[in-house]
file protein14.cif (mmCIF, N, CA and C atoms)
data_start
loop_
_atom_site.label_atom_id
_atom_site.label_comp_id
_atom_site.auth_asym_id
_atom_site.auth_seq_id
_atom_site.Cartn_x
_atom_site.Cartn_y
_atom_site.Cartn_z
N MET P 1 -16.61 -0.59 9.53
CA MET P 1 -15.75 -0.26 8.41
C MET P 1 -15.50 -1.50 7.56
N ALA P 2 -15.28 -1.28 6.32
CA ALA P 2 -14.99 -2.37 5.38
C ALA P 2 -13.51 -2.73 5.42
N ARG P 3 -13.21 -3.98 5.19
CA ARG P 3 -11.82 -4.43 5.10
C ARG P 3 -11.35 -4.22 3.67
N ILE P 4 -10.08 -3.93 3.51
CA ILE P 4 -9.50 -3.73 2.20
C ILE P 4 -8.20 -4.51 2.13
N LYS P 5 -7.97 -5.16 1.01
CA LYS P 5 -6.76 -5.95 0.81
C LYS P 5 -5.95 -5.28 -0.31
N TYR P 6 -4.65 -5.19 -0.12
CA TYR P 6 -3.79 -4.55 -1.11
C TYR P 6 -2.49 -5.32 -1.23
N ARG P 7 -1.86 -5.19 -2.42
CA ARG P 7 -0.66 -5.96 -2.73
C ARG P 7 0.31 -5.07 -3.49
N GLN P 8 1.60 -5.16 -3.16
CA GLN P 8 2.63 -4.40 -3.87
C GLN P 8 2.94 -5.11 -5.18
N VAL P 9 2.83 -4.39 -6.29
CA VAL P 9 3.04 -5.00 -7.60
C VAL P 9 4.27 -4.45 -8.33
N LYS P 10 4.82 -3.34 -7.86
CA LYS P 10 6.02 -2.76 -8.47
C LYS P 10 7.08 -2.53 -7.40
N SER P 11 8.32 -2.47 -7.85
CA SER P 11 9.44 -2.29 -6.95
C SER P 11 9.47 -0.88 -6.36
N ARG P 12 10.01 -0.79 -5.16
CA ARG P 12 10.16 0.51 -4.53
C ARG P 12 11.44 1.21 -4.96
N ILE P 13 12.28 0.54 -5.74
CA ILE P 13 13.52 1.15 -6.23
C ILE P 13 13.15 2.34 -7.11
N GLY P 14 13.77 3.46 -6.87
CA GLY P 14 13.49 4.67 -7.63
C GLY P 14 12.40 5.53 -7.02
N SER P 15 11.74 5.04 -5.99
CA SER P 15 10.71 5.82 -5.31
C SER P 15 11.37 6.78 -4.32
N THR P 16 10.60 7.78 -3.93
CA THR P 16 11.11 8.73 -2.95
C THR P 16 11.16 8.08 -1.58
N LYS P 17 11.90 8.69 -0.69
CA LYS P 17 12.03 8.16 0.68
C LYS P 17 10.66 8.11 1.36
N ARG P 18 9.85 9.11 1.11
CA ARG P 18 8.53 9.18 1.73
C ARG P 18 7.62 8.04 1.24
N GLN P 19 7.71 7.72 -0.05
CA GLN P 19 6.91 6.62 -0.59
C GLN P 19 7.38 5.29 -0.01
N LYS P 20 8.68 5.13 0.17
CA LYS P 20 9.21 3.91 0.76
C LYS P 20 8.72 3.75 2.20
N GLN P 21 8.70 4.86 2.94
CA GLN P 21 8.21 4.82 4.31
C GLN P 21 6.72 4.52 4.36
N THR P 22 5.97 5.02 3.39
CA THR P 22 4.55 4.74 3.33
C THR P 22 4.29 3.26 3.08
N LEU P 23 5.05 2.65 2.15
CA LEU P 23 4.92 1.22 1.90
C LEU P 23 5.24 0.42 3.16
N GLU P 24 6.28 0.84 3.87
CA GLU P 24 6.67 0.15 5.11
C GLU P 24 5.54 0.25 6.15
N ALA P 25 4.94 1.44 6.25
CA ALA P 25 3.85 1.64 7.22
C ALA P 25 2.62 0.81 6.85
N LEU P 26 2.43 0.55 5.57
CA LEU P 26 1.31 -0.28 5.12
C LEU P 26 1.60 -1.76 5.30
N GLY P 27 2.83 -2.10 5.64
CA GLY P 27 3.19 -3.50 5.86
C GLY P 27 3.67 -4.20 4.61
N LEU P 28 4.07 -3.43 3.60
CA LEU P 28 4.53 -4.02 2.34
C LEU P 28 6.05 -3.87 2.25
N LYS P 29 6.75 -5.00 2.13
CA LYS P 29 8.20 -4.97 2.13
C LYS P 29 8.82 -5.46 0.83
N LYS P 30 8.12 -6.35 0.12
CA LYS P 30 8.65 -6.92 -1.11
C LYS P 30 7.55 -6.93 -2.17
N ILE P 31 7.94 -7.13 -3.41
CA ILE P 31 6.97 -7.27 -4.48
C ILE P 31 6.13 -8.52 -4.20
N ASN P 32 4.85 -8.41 -4.47
CA ASN P 32 3.85 -9.45 -4.25
C ASN P 32 3.52 -9.70 -2.79
N SER P 33 4.05 -8.89 -1.88
CA SER P 33 3.61 -9.01 -0.49
C SER P 33 2.25 -8.33 -0.39
N SER P 34 1.40 -8.86 0.46
CA SER P 34 0.07 -8.30 0.59
C SER P 34 -0.26 -8.07 2.05
N SER P 35 -1.24 -7.24 2.27
CA SER P 35 -1.67 -6.92 3.61
C SER P 35 -3.16 -6.59 3.57
N GLU P 36 -3.74 -6.49 4.74
CA GLU P 36 -5.17 -6.23 4.86
C GLU P 36 -5.38 -5.25 6.01
N ALA P 37 -6.31 -4.32 5.84
CA ALA P 37 -6.58 -3.34 6.88
C ALA P 37 -8.01 -2.81 6.74
N GLU P 38 -8.45 -2.09 7.74
CA GLU P 38 -9.73 -1.40 7.67
C GLU P 38 -9.61 -0.24 6.69
N ALA P 39 -10.66 0.06 5.97
CA ALA P 39 -10.65 1.12 4.97
C ALA P 39 -10.93 2.47 5.63
N THR P 40 -9.99 2.92 6.47
CA THR P 40 -10.12 4.22 7.12
C THR P 40 -9.60 5.31 6.19
N PRO P 41 -9.95 6.55 6.44
CA PRO P 41 -9.43 7.64 5.60
C PRO P 41 -7.89 7.72 5.61
N GLN P 42 -7.28 7.36 6.72
CA GLN P 42 -5.82 7.39 6.80
C GLN P 42 -5.19 6.36 5.88
N ILE P 43 -5.71 5.14 5.91
CA ILE P 43 -5.18 4.06 5.06
C ILE P 43 -5.45 4.38 3.60
N MET P 44 -6.62 4.87 3.28
CA MET P 44 -6.94 5.21 1.90
C MET P 44 -6.04 6.32 1.37
N GLY P 45 -5.71 7.29 2.21
CA GLY P 45 -4.79 8.36 1.82
C GLY P 45 -3.39 7.83 1.56
N MET P 46 -2.94 6.90 2.39
CA MET P 46 -1.63 6.29 2.19
C MET P 46 -1.58 5.51 0.88
N LEU P 47 -2.65 4.76 0.60
CA LEU P 47 -2.71 4.00 -0.64
C LEU P 47 -2.76 4.92 -1.85
N GLU P 48 -3.39 6.05 -1.72
CA GLU P 48 -3.46 7.02 -2.81
C GLU P 48 -2.08 7.55 -3.18
N LYS P 49 -1.22 7.72 -2.18
CA LYS P 49 0.13 8.24 -2.41
C LYS P 49 1.04 7.25 -3.12
N VAL P 50 0.74 5.95 -2.98
CA VAL P 50 1.58 4.92 -3.62
C VAL P 50 0.76 4.06 -4.58
N LYS P 51 -0.28 4.65 -5.16
CA LYS P 51 -1.18 3.87 -6.01
C LYS P 51 -0.50 3.32 -7.25
N HIS P 52 0.62 3.90 -7.66
CA HIS P 52 1.34 3.39 -8.82
C HIS P 52 2.19 2.17 -8.48
N LEU P 53 2.30 1.84 -7.20
CA LEU P 53 3.10 0.69 -6.76
C LEU P 53 2.26 -0.46 -6.21
N VAL P 54 0.99 -0.20 -5.95
CA VAL P 54 0.14 -1.22 -5.31
C VAL P 54 -1.11 -1.51 -6.14
N LYS P 55 -1.71 -2.66 -5.86
CA LYS P 55 -2.99 -3.02 -6.45
C LYS P 55 -3.96 -3.21 -5.29
N ILE P 56 -5.10 -2.55 -5.37
CA ILE P 56 -6.08 -2.58 -4.30
C ILE P 56 -7.18 -3.57 -4.68
N GLU P 57 -7.47 -4.49 -3.76
CA GLU P 57 -8.51 -5.49 -3.96
C GLU P 57 -9.51 -5.34 -2.82
N LYS P 58 -10.63 -4.71 -3.07
CA LYS P 58 -11.62 -4.51 -2.02
C LYS P 58 -12.36 -5.81 -1.76
N GLU P 59 -12.66 -6.06 -0.50
CA GLU P 59 -13.39 -7.28 -0.12
C GLU P 59 -14.83 -6.98 0.11
#
call {"tool": "encode", "arguments": {"input": "protein14.cif", "output": "structure tokens"}}
result
Amino acid sequence: MARIKYRQVKSRIGSTKRQKQTLEALGLKKINSSSEAEATPQIMGMLEKVKHLVKIEKE
């Protein structure tokens, strides 16, 4: 599997509870925090749900 790097670029304020939980599960807690994971269908689905809050940088 390919590795994928992603970074939170917008605030979670005003987001739904579910979106906040998704960001937490992805390991993103603050603006400009970044994380890295395998590009599995589960991770890609989570990123799709919060795509307006994150920036995806494929490696």
call {"tool": "residues_around", "arguments": {"input": "protein14.cif", "residues": "P:Ser35", "least_positions_apart": "3", "cutoff": "6.5 Å", "atoms": "only N, CA and C atoms", "output": "compact mmCIF listing (two decimals) with N, CA and C atoms, in the coordinates of the input"}}
result
# COMPACT_ATOMS: atom_id res chain seq x y z
N ILE P 4 -10.08 -3.93 3.51
CA ILE P 4 -9.50 -3.73 2.20
C ILE P 4 -8.20 -4.51 2.13
N LYS P 5 -7.97 -5.16 1.01
CA LYS P 5 -6.76 -5.95 0.81
C LYS P 5 -5.95 -5.28 -0.31
N TYR P 6 -4.65 -5.19 -0.12
CA TYR P 6 -3.79 -4.55 -1.11
C TYR P 6 -2.49 -5.32 -1.23
N ARG P 7 -1.86 -5.19 -2.42
CA ARG P 7 -0.66 -5.96 -2.73
C ARG P 7 0.31 -5.07 -3.49
N GLN P 8 1.60 -5.16 -3.16
CA GLN P 8 2.63 -4.40 -3.87
C GLN P 8 2.94 -5.11 -5.18
N LEU P 26 2.43 0.55 5.57
CA LEU P 26 1.31 -0.28 5.12
C LEU P 26 1.60 -1.76 5.30
N GLY P 27 2.83 -2.10 5.64
CA GLY P 27 3.19 -3.50 5.86
C GLY P 27 3.67 -4.20 4.61
call {"tool": "select_by_dssp", "arguments": {"input": "protein14.cif", "residues": "chain P", "states": "strand (DSSP E)", "output": "VMD selection string"}}
result
chain P and resid 3 to 8 34 to 38 54 to 58
call {"tool": "resolve_selection", "arguments": {"input": "protein14.cif", "expression": "the PyMOL selection byres ((chain P and resi 31) around 8)", "output": "list in words"}}
result
Arg7, Gln8, Val9, Lys10, Ser11, Arg12, Leu28, Lys29, Lys30, Asn32, Ser33 and Ser34 of chain P
call {"tool": "atom_distance", "arguments": {"input": "protein14.cif", "atom1": "atom N of P:Gln42", "atom2": "atom N of P:Ile13"}}
result
24.2 Å
call {"tool": "select_by_dssp", "arguments": {"input": "protein14.cif", "residues": "chain P", "states": "helix (DSSP H, G or I)", "output": "list in words"}}
result
Lys17, Arg18, Gln19, Lys20, Gln21, Thr22, Leu23, Glu24, Ala25, Pro41, Gln42, Ile43, Met44, Gly45, Met46, Leu47, Glu48 and Lys49 of chain P
